[in-house]
Structure formats: structure tokens, C-alpha cells
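Dropping coords.cif in here (mmCIF, C-alpha atoms):
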```
data_upload
loop_
_atom_site.label_atom_id
_atom_site.label_comp_id
_atom_site.auth_asym_id
_atom_site.auth_seq_id
_atom_site.Cartn_x
_atom_site.Cartn_y
_atom_site.Cartn_z
CA MET A 122 -173.71 -160.17 57.50
CA LEU A 123 -176.07 -162.74 58.95
CA ILE A 124 -177.11 -165.67 56.78
CA ALA A 125 -179.47 -168.64 57.16
CA ILE A 126 -179.29 -171.37 54.52
CA THR A 127 -181.58 -174.38 54.13
CA LEU A 128 -180.35 -177.50 52.35
CA VAL A 129 -183.01 -179.71 50.74
CA LEU A 130 -181.75 -183.29 50.75
CA THR A 131 -182.91 -186.65 49.40
CA THR A 132 -181.53 -190.13 49.81
CA ASP A 133 -181.45 -192.67 46.97
CA ALA A 134 -181.91 -195.57 49.37
CA ALA A 135 -183.87 -196.06 52.57
CA ALA A 136 -181.64 -195.95 55.62
CA SER A 137 -181.61 -195.99 59.41
CA LEU A 138 -179.40 -193.30 60.93
CA PRO A 139 -178.89 -192.07 64.49
CA ALA A 140 -181.90 -190.20 65.83
CA TYR A 141 -180.01 -186.92 66.09
CA LEU A 142 -177.69 -185.64 63.37
CA GLY A 143 -176.78 -182.15 64.58
CA ARG A 144 -173.19 -183.10 65.35
CA ALA A 145 -172.90 -184.84 61.98
CA ASN A 146 -174.12 -181.70 60.21
CA TYR A 147 -171.61 -179.60 62.14
CA ALA A 148 -168.83 -181.93 60.95
CA ALA A 149 -170.09 -181.76 57.35
CA THR A 150 -170.29 -177.96 57.52
CA LEU A 151 -166.75 -177.63 58.88
CA ALA A 152 -165.51 -179.94 56.13
CA ARG A 153 -167.17 -177.75 53.49
CA LEU A 154 -165.74 -174.59 55.07
CA ALA A 155 -162.29 -176.18 55.30
CA ALA A 156 -162.29 -176.82 51.55
CA ALA A 157 -162.84 -173.09 51.00
CA ASP A 158 -160.88 -171.61 53.94
CA PRO A 159 -158.92 -174.10 56.10
CA ALA A 160 -157.82 -171.46 58.62
CA LEU A 161 -161.39 -170.28 59.21
CA ALA A 162 -162.69 -173.82 59.72
CA GLN A 163 -159.86 -174.58 62.16
CA ALA A 164 -160.51 -171.36 64.09
CA ILE A 165 -164.20 -172.27 64.47
CA HIS A 166 -163.30 -175.79 65.59
CA ASP A 167 -160.78 -174.56 68.14
CA SER A 168 -162.82 -171.69 69.62
CA ASP A 169 -163.99 -172.10 73.21
CA GLY A 170 -166.65 -169.39 73.20
CA PRO A 171 -169.91 -169.16 71.26
CA LYS A 172 -169.57 -170.58 67.75
CA PRO A 173 -170.17 -168.10 64.91
CA LEU A 174 -172.55 -170.53 63.20
CA THR A 175 -175.42 -172.91 63.93
CA CYS A 176 -176.11 -176.31 62.37
CA SER A 177 -179.37 -178.24 62.66
CA SER A 178 -180.25 -181.90 62.56
CA LEU A 179 -182.78 -183.02 59.93
CA LEU A 180 -185.72 -180.82 60.87
CA ASN A 181 -188.59 -182.82 59.38
CA ALA A 182 -187.48 -186.38 60.13
CA GLN A 183 -189.13 -188.07 63.11
CA PRO A 184 -186.78 -190.06 65.36
CA ARG A 185 -188.03 -193.31 66.83
CA GLY A 186 -186.05 -194.30 69.86
CA GLN A 187 -182.35 -194.31 68.99
CA GLU A 188 -182.91 -194.25 65.22
CA MET A 189 -184.24 -192.10 62.43
CA ARG A 190 -185.76 -194.01 59.52
CA LEU A 191 -185.26 -192.28 56.16
CA LEU A 192 -187.25 -193.04 53.02
CA ALA A 193 -185.84 -193.07 49.51
CA GLY A 194 -186.93 -190.02 47.51
CA GLU A 195 -188.32 -188.14 50.54
CA ARG A 196 -187.21 -184.53 50.96
CA TYR A 197 -185.37 -183.69 54.17
CA TYR A 198 -184.35 -180.25 55.40
CA LEU A 199 -181.45 -178.99 57.45
CA ARG A 200 -180.11 -175.52 58.23
CA ILE A 201 -176.78 -173.76 58.56
CA THR A 202 -176.49 -170.16 59.74
CA GLY A 203 -173.60 -167.70 59.97
CA LEU A 204 -173.34 -165.04 62.69
CA GLN A 205 -170.12 -163.30 61.69
CA GLU A 206 -169.16 -161.56 58.45
CA GLU A 207 -166.32 -163.85 57.35
CA VAL A 208 -168.25 -167.02 58.24
CA SER A 209 -171.41 -165.83 56.46
CA ARG A 210 -169.51 -164.80 53.33
CA THR A 211 -167.73 -168.15 53.19
CA LEU A 212 -170.97 -170.08 53.71
CA ALA A 213 -172.57 -168.10 50.88
CA ALA A 214 -169.61 -168.84 48.61
CA CYS A 215 -169.40 -172.58 49.29
CA LEU A 216 -173.12 -173.34 49.55
CA LEU A 217 -174.96 -170.81 47.37
CA GLU A 218 -172.43 -169.80 44.72
CA ASN A 219 -170.93 -173.30 44.56
CA LYS A 220 -173.82 -175.61 45.45
CA PRO A 221 -172.68 -179.00 46.75
CA ALA A 222 -173.93 -182.05 44.87
CA THR A 223 -173.97 -184.24 47.98
CA TRP A 224 -174.04 -183.84 51.76
CA GLU A 225 -172.78 -186.61 54.04
CA LEU A 226 -174.23 -187.20 57.49
CA ASP A 227 -172.92 -190.03 59.66
CA ASN A 228 -171.27 -191.62 56.58
CA HIS A 229 -174.55 -191.60 54.65
CA PRO A 230 -174.53 -189.60 51.39
CA PHE A 231 -177.52 -187.40 50.56
CA ARG A 232 -178.24 -185.75 47.26
CA VAL A 233 -178.57 -181.95 47.53
CA GLU A 234 -181.77 -181.10 45.68
CA ASP A 235 -181.79 -177.38 46.47
CA VAL A 236 -180.09 -174.70 48.54
CA LEU A 237 -182.40 -171.94 49.80
CA CYS A 238 -181.62 -168.49 51.14
CA ASP A 239 -184.87 -166.64 50.51
CA PRO A 240 -187.64 -166.27 53.12
CA ALA A 241 -190.21 -166.24 50.30
CA ALA A 242 -189.13 -169.80 49.43
CA ASP A 243 -188.41 -170.98 52.98
CA ALA A 244 -189.24 -169.06 56.15
CA TRP A 245 -186.21 -170.56 57.90
CA SER A 246 -183.77 -168.97 55.44
CA GLY A 247 -182.59 -165.49 54.52
CA ARG A 248 -179.86 -162.94 55.00
CA THR A 249 -179.58 -159.56 56.70
CA THR A 250 -177.23 -157.50 58.86
CA TYR A 251 -177.12 -156.60 62.52
CA GLU A 252 -177.57 -152.97 61.54
CA THR A 253 -180.73 -153.76 59.56
CA LEU A 254 -182.27 -155.74 62.43
CA ALA A 255 -181.49 -152.91 64.86
CA ALA A 256 -182.79 -150.14 62.60
CA ARG A 257 -186.04 -152.02 61.93
CA GLN A 258 -186.97 -152.12 65.61
CA LEU A 259 -185.00 -149.45 67.47
CA THR A 260 -185.64 -146.42 65.26
CA ARG A 261 -189.42 -146.75 65.08
CA ASN A 262 -191.67 -144.31 66.92
CA ASP A 263 -194.94 -146.23 66.68
CA PRO A 264 -196.11 -148.34 69.63
CA ALA A 265 -194.60 -151.83 69.75
CA ASP A 266 -196.55 -155.02 70.37
CA GLN A 267 -195.98 -156.22 73.92
CA ALA A 268 -196.04 -159.89 72.84
CA VAL A 269 -193.82 -162.02 70.63
CA ARG A 270 -194.09 -165.70 69.74
CA LEU A 271 -191.11 -167.97 69.13
CA GLN A 272 -191.04 -171.43 67.57
CA PHE A 273 -188.42 -173.84 68.88
CA ALA A 274 -187.94 -176.39 66.10
CA SER A 275 -185.24 -178.42 67.84
CA PRO A 276 -184.70 -179.23 71.52
CA THR A 277 -183.78 -176.05 73.39
CA ALA A 278 -182.09 -176.00 76.78
CA PHE A 279 -180.02 -173.68 78.95
CA LYS A 280 -177.30 -173.85 81.58
CA SER A 281 -178.31 -172.00 84.72
CA GLY A 282 -177.07 -172.36 88.28
CA GLY A 283 -175.02 -175.41 87.39
CA MET A 284 -178.05 -177.24 86.01
CA THR A 285 -179.62 -177.84 82.61
CA VAL A 286 -182.99 -176.09 82.28
CA PRO A 287 -185.12 -177.64 79.50
CA VAL A 288 -187.81 -174.93 79.53
CA PRO A 289 -187.44 -171.70 77.46
CA LEU A 290 -188.11 -169.21 80.25
CA PRO A 291 -188.07 -165.51 79.21
CA GLY A 292 -184.90 -164.52 81.06
CA LEU A 293 -183.00 -167.54 79.72
CA VAL A 294 -184.20 -167.08 76.13
CA PHE A 295 -183.55 -163.36 75.83
CA GLY A 296 -180.43 -163.54 77.96
CA SER A 297 -179.04 -166.15 75.58
CA LEU A 298 -179.97 -164.06 72.55
CA VAL A 299 -178.39 -160.85 73.87
CA GLU A 300 -175.17 -162.68 74.79
CA ARG A 301 -174.89 -164.18 71.30
CA TRP A 302 -175.74 -160.83 69.70
CA ASN A 303 -173.01 -159.07 71.70
CA ALA A 304 -170.49 -161.80 70.87
CA PHE A 305 -170.65 -161.08 67.12
CA SER A 306 -172.49 -157.81 66.44
CA PRO A 307 -170.79 -154.42 65.94
CA ILE A 308 -173.74 -152.94 67.88
CA THR A 309 -173.49 -153.71 71.60
CA LEU A 310 -176.68 -154.14 73.62
CA SER A 311 -177.10 -153.82 77.36
CA PRO A 312 -176.82 -157.21 79.08
CA ASP A 313 -179.72 -156.00 81.24
CA MET A 314 -181.98 -157.61 78.63
CA ARG A 315 -181.61 -160.82 80.64
CA ARG A 316 -182.89 -159.04 83.75
CA TYR A 317 -185.68 -157.47 81.70
CA GLY A 318 -186.71 -160.96 80.60
CA GLU A 319 -186.66 -162.21 84.17
CA GLU A 320 -188.48 -159.29 85.78
CA VAL A 321 -190.73 -157.78 83.08
CA MET A 322 -191.59 -160.63 80.71
CA ALA A 323 -193.94 -163.56 81.23
CA ILE A 324 -195.11 -166.59 79.28
CA SER A 325 -198.70 -166.04 78.19
CA GLN A 326 -199.18 -169.14 75.99
CA TYR A 327 -197.16 -172.25 75.22
CA ASN A 328 -197.32 -175.57 73.44
CA LEU A 329 -194.18 -177.49 74.40
CA ARG A 330 -192.95 -181.03 74.67
CA SER A 331 -189.65 -182.37 75.94
CA ALA A 332 -187.22 -184.18 73.64
CA PRO A 333 -183.88 -185.90 74.37
CA VAL A 334 -180.60 -185.14 72.60
CA PRO A 335 -177.86 -187.81 72.81
CA GLN A 336 -174.58 -186.63 74.33
CA LYS A 337 -171.10 -188.09 74.39
CA GLY A 338 -170.72 -190.98 76.80
CA GLN A 339 -174.27 -192.28 76.36
CA GLY A 340 -175.79 -189.32 78.20
CA LEU A 341 -178.91 -187.36 77.25
CA ARG A 342 -179.72 -183.65 77.37
CA ILE A 343 -183.41 -182.78 77.50
CA GLY A 344 -184.73 -179.75 75.64
CA GLY A 345 -188.08 -178.15 74.87
CA VAL A 346 -189.67 -178.20 71.40
CA GLY A 347 -192.75 -176.20 70.39
CA GLU A 348 -194.04 -172.64 70.57
CA VAL A 349 -194.10 -170.01 73.31
CA THR A 350 -195.67 -166.56 73.42
CA TYR A 351 -193.82 -164.07 75.61
CA ARG A 352 -195.51 -160.91 76.87
CA ALA A 353 -193.81 -157.86 78.33
CA LEU A 354 -195.64 -156.46 81.35
CA GLY A 355 -194.22 -152.98 80.71
CA SER A 356 -194.52 -150.69 77.70
CA ASP A 357 -191.08 -149.07 77.52
CA ARG A 358 -190.50 -148.53 73.78
CA TYR A 359 -186.74 -149.19 73.85
CA TRP A 360 -186.93 -152.50 75.68
CA LEU A 361 -189.87 -153.67 73.56
CA GLY A 362 -187.80 -152.82 70.48
CA VAL A 363 -184.89 -154.88 71.79
CA MET A 364 -187.25 -157.77 72.54
CA HIS A 365 -188.56 -157.78 68.97
CA MET A 366 -185.09 -157.31 67.49
CA LEU A 367 -183.75 -160.31 69.38
CA ALA A 368 -186.79 -162.34 68.34
CA ASP A 369 -185.86 -161.58 64.70
CA PHE A 370 -182.23 -162.47 65.45
CA ALA A 371 -183.22 -165.91 66.78
CA LEU A 372 -183.58 -167.13 63.16
CA TYR A 373 -179.84 -166.73 62.75
CA GLY A 374 -178.39 -166.97 66.25
CA GLY A 375 -180.26 -169.89 67.72
CA VAL A 376 -181.12 -170.06 71.42
CA GLY A 377 -179.51 -171.78 74.39
CA VAL A 378 -176.78 -174.42 74.44
CA GLN A 379 -175.24 -176.54 71.68
CA THR A 380 -176.62 -174.47 68.81
CA ALA A 381 -173.63 -175.43 66.64
CA THR A 382 -174.61 -179.09 66.90
CA GLY A 383 -178.35 -178.95 66.38
CA MET A 384 -180.05 -177.63 69.49
CA GLY A 385 -181.90 -174.32 69.84
CA GLN A 386 -183.14 -173.85 66.25
CA ALA A 387 -185.70 -171.06 66.67
CA ARG A 388 -187.53 -168.27 64.87
CA ARG A 389 -190.27 -165.71 65.35
CA LYS A 390 -193.75 -166.94 64.41
#
```

For this file, write the structure as C-alpha cells.
Amino acid sequence: MLIAITLVLTTDAAASLPAYLGRANYAATLARLAAADPALAQAIHDSDGPKPLTCSSLLNAQPRGQEMRLLAGERYYLRITGLQEEVSRTLAACLLENKPATWELDNHPFRVEDVLCDPAADAWSGRTTYETLAARQLTRNDPADQAVRLQFASPTAFKSGGMTVPVPLPGLVFGSLVERWNAFSPITLSPDMRRYGEEVMAISQYNLRSAPVPQKGQGLRIGGVGEVTYRALGSDRYWLGVMHMLADFALYGGVGVQTATGMGQARRK
């Protein structure tokens, strides 16, 4: 099962918090998981490969410099997604079936006003399976659209050639998505999707800006935020189906580096 959950938070008092709270949300999520399944939370913490979840910063708060100013009574939104069956089931149990009353980020308590897992209520939430995503796109016989648009709601960056690339280029985006899909899905896809993105896909429209993400040791990682339309220059039905399937998967899997700590929050538009 794949799951995407949105927490709606309010604060009783105005506060100034660090400009980026993705790592704080990851810590809060692990703490919640540990209360339900300590072994699972420890396994996620200790894993060296791709994490089977993503955690966002506050998506609708606007940082100013090194700080984020929060207003009392204002609604703030953050997301948590699960990419693996056990993780998704545990998230559903400890967030949906047993809704938390509060959520603490960087030692600041928020009141949890609502927990959403319904795309009709919030387009950033929902649940599905890998099999459903694959069947929706790979078993169709009708012609597929050669273009797909993605929204990058948090800074998105990639590691390539020993460098950080802050631009969501087609090969990097769809290469990242296919690697994360293959890490957790029972349905294995050809890694040639990365090469398809590099050789057959192009950016036809974009509206992007760069945004910094604080790192340990006072460093910064730059990522891109905004929207990009990707267009395939070929019409092969299978590869177009994979392109659209991975675009749907982005809602759950995230894109690029540090998706467990806030970066790479993305979805199809």
C-alpha cells in the first residue's frame, strides 16, 4: 500500500521557528511510529538506502531568511507518505485511526486540527497500491498524452556526477522516480526509464525558482520549486505509460534527494 497523509496544524501562540522544518517533521514522525512499532521506527532510522517514507516541512508557511514566522490560529499543512506496506499500515493506524492531538516541531507544540487522506478533501493526500498505479497506465490501449506536468512544492535537487543539481531535468526526475519505485514496489520497472528521460523527454514549459535548504554544519543545499511540463518526443505506448505512472507515483514517492526530511515534495498537476 502507498499512503499520503496531510496534517492540518494550528498554533495557539505566535512563534518564530527555523525556516525549514523537514528534519523536525521526520523526527516527529519517527517518534509517532516508535510508539506504535519501535522495531519499525528503528529500522527506518538505521537504513542506509532510500527511506520508505517522506516527510515535508510546513508547506504553506513562507520562510524569511533563517526564520519562519507563525501566526496564532493560522492553519498550516504538512505531509507524511508511506512507500512500503508495513510503513503505510502503521502510519494509517497511528495517524488516521488514532489521530494525534498535538504535533511537535523543533520543540514547538502544534494542535492537530485534522488528518486528511482523501484526494477529494486535499489533492496532496490519498492511498493506492503499486498494482493499481501500474494497471491504470500500463494496461490501457488508447493513445497516451505525450506531456505531463509536475508541481514541486518543496526544494528539489539531485546528486549527479558528484555534484548537486538544483534543476528537475527529465532524466534526473524520472530516473529518481523509477529507482524509488523499484526499491519498494513488487512490480519491477526497467531502469532504462532514466535513459528514456535523458534521450526522449524534454522540458516544454517551466516556472521555477531556487530555494535554499539548511544542512548540518551551516551548509545550504539549493533546490528548485515550481512547475515543469515534460514532453516525450516519441510516441511509444509502453514508455508513455511508464512516464504517466511515475508521475502519479510522485505524490507518494517524492523526487530527488532528502525526501525523508522535506525536500522533493511533488505531484502531477

Edge lengths and centre in Å to one decimal, as lines of an AutoDock Vina configuration file, of the axis-aligned box that encloses all listed atoms of segment 266-283 of chain A with 4 Å added on every side?
```
center_x = -185.8
center_y = -167.1
center_z = 77.2
size_x = 29.5
size_y = 32.2
size_z = 30.2
```

Find the residues of segment 261-321 of chain A that sit at most 12 Å from segment 176-194 of chain A; for each, write down the nearest two atoms and how far apart they are in Å, to one decimal. Count all atoms listed in the file. Sort by chain, then by number going up, and give it as a tab-separated table.
```
residue	atom	partner	partner_atom	distance
A:Phe273	CA	A:Leu180	CA	11.0
A:Ala274	CA	A:Leu180	CA	7.2
A:Ser275	CA	A:Leu180	CA	7.4
A:Pro276	CA	A:Ser178	CA	10.4
A:Thr277	CA	A:Ser177	CA	11.8
```

Determine the residue set returned by the PyMOL selection byres ((chain A and resi 288-294) around 6) for the present structure, and present it as a PyMOL selection string. chain A and resi 286-287+295-297+315+318-319+345

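With only C-alpha atoms as the atoms that count, the residue of A:Arg153, A:Arg316, A:Arg342, A:Arg330 with the shortest distance to Trp360 of chain A is A:Arg316.
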
So that I can see what lies close to segment 230-245 of chain A, please list as a PyMOL selection string the residues with an atom at most 7 Å from it, counting all atoms listed in the file and leaving out residues fewer than 5 positions away in the same chain. chain A and resi 125-132+217+221-225+372

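Nearest residue to Asp266 of chain A, choosing from A:Ile124, A:Val349, A:Ala164, A:Leu361 and counting only C-alpha atoms: A:Leu361.
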
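Residues with at least one atom no more than 12 Å from (-173.2, -155.8, 69.8), using all atoms listed in the file, are Leu204, Gln205, Thr250, Tyr251, Glu252, Leu254, Ala255, Leu298, Val299, Glu300, Arg301, Trp302, Asn303, Ala304, Phe305, Ser306, Pro307, Ile308, Thr309, Leu310, Ser311, Pro312, Val363 and Leu367 of chain A.
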
Could you name the residues that touch Gly375 of chain A at 9 Å or less, counting all atoms listed in the file, but leaving out those on the same chain fewer than 5 positions away, as a ChimeraX atom specification? /A:174-175,202,297-298,301,370,380-381,384-388

Could you save the residues just selected, with C-alpha atoms, as an mmCIF file, in the coordinates of the input?
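Resulting contents of again36.cif:
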```
data_model
loop_
_atom_site.group_PDB
_atom_site.id
_atom_site.type_symbol
_atom_site.label_atom_id
_atom_site.label_comp_id
_atom_site.auth_asym_id
_atom_site.auth_seq_id
_atom_site.Cartn_x
_atom_site.Cartn_y
_atom_site.Cartn_z
ATOM 1 C CA LEU A 174 -172.550 -170.530 63.200
ATOM 2 C CA THR A 175 -175.420 -172.910 63.930
ATOM 3 C CA THR A 202 -176.490 -170.160 59.740
ATOM 4 C CA SER A 297 -179.040 -166.150 75.580
ATOM 5 C CA LEU A 298 -179.970 -164.060 72.550
ATOM 6 C CA ARG A 301 -174.890 -164.180 71.300
ATOM 7 C CA PHE A 370 -182.230 -162.470 65.450
ATOM 8 C CA THR A 380 -176.620 -174.470 68.810
ATOM 9 C CA ALA A 381 -173.630 -175.430 66.640
ATOM 10 C CA MET A 384 -180.050 -177.630 69.490
ATOM 11 C CA GLY A 385 -181.900 -174.320 69.840
ATOM 12 C CA GLN A 386 -183.140 -173.850 66.250
ATOM 13 C CA ALA A 387 -185.700 -171.060 66.670
ATOM 14 C CA ARG A 388 -187.530 -168.270 64.870
#
```
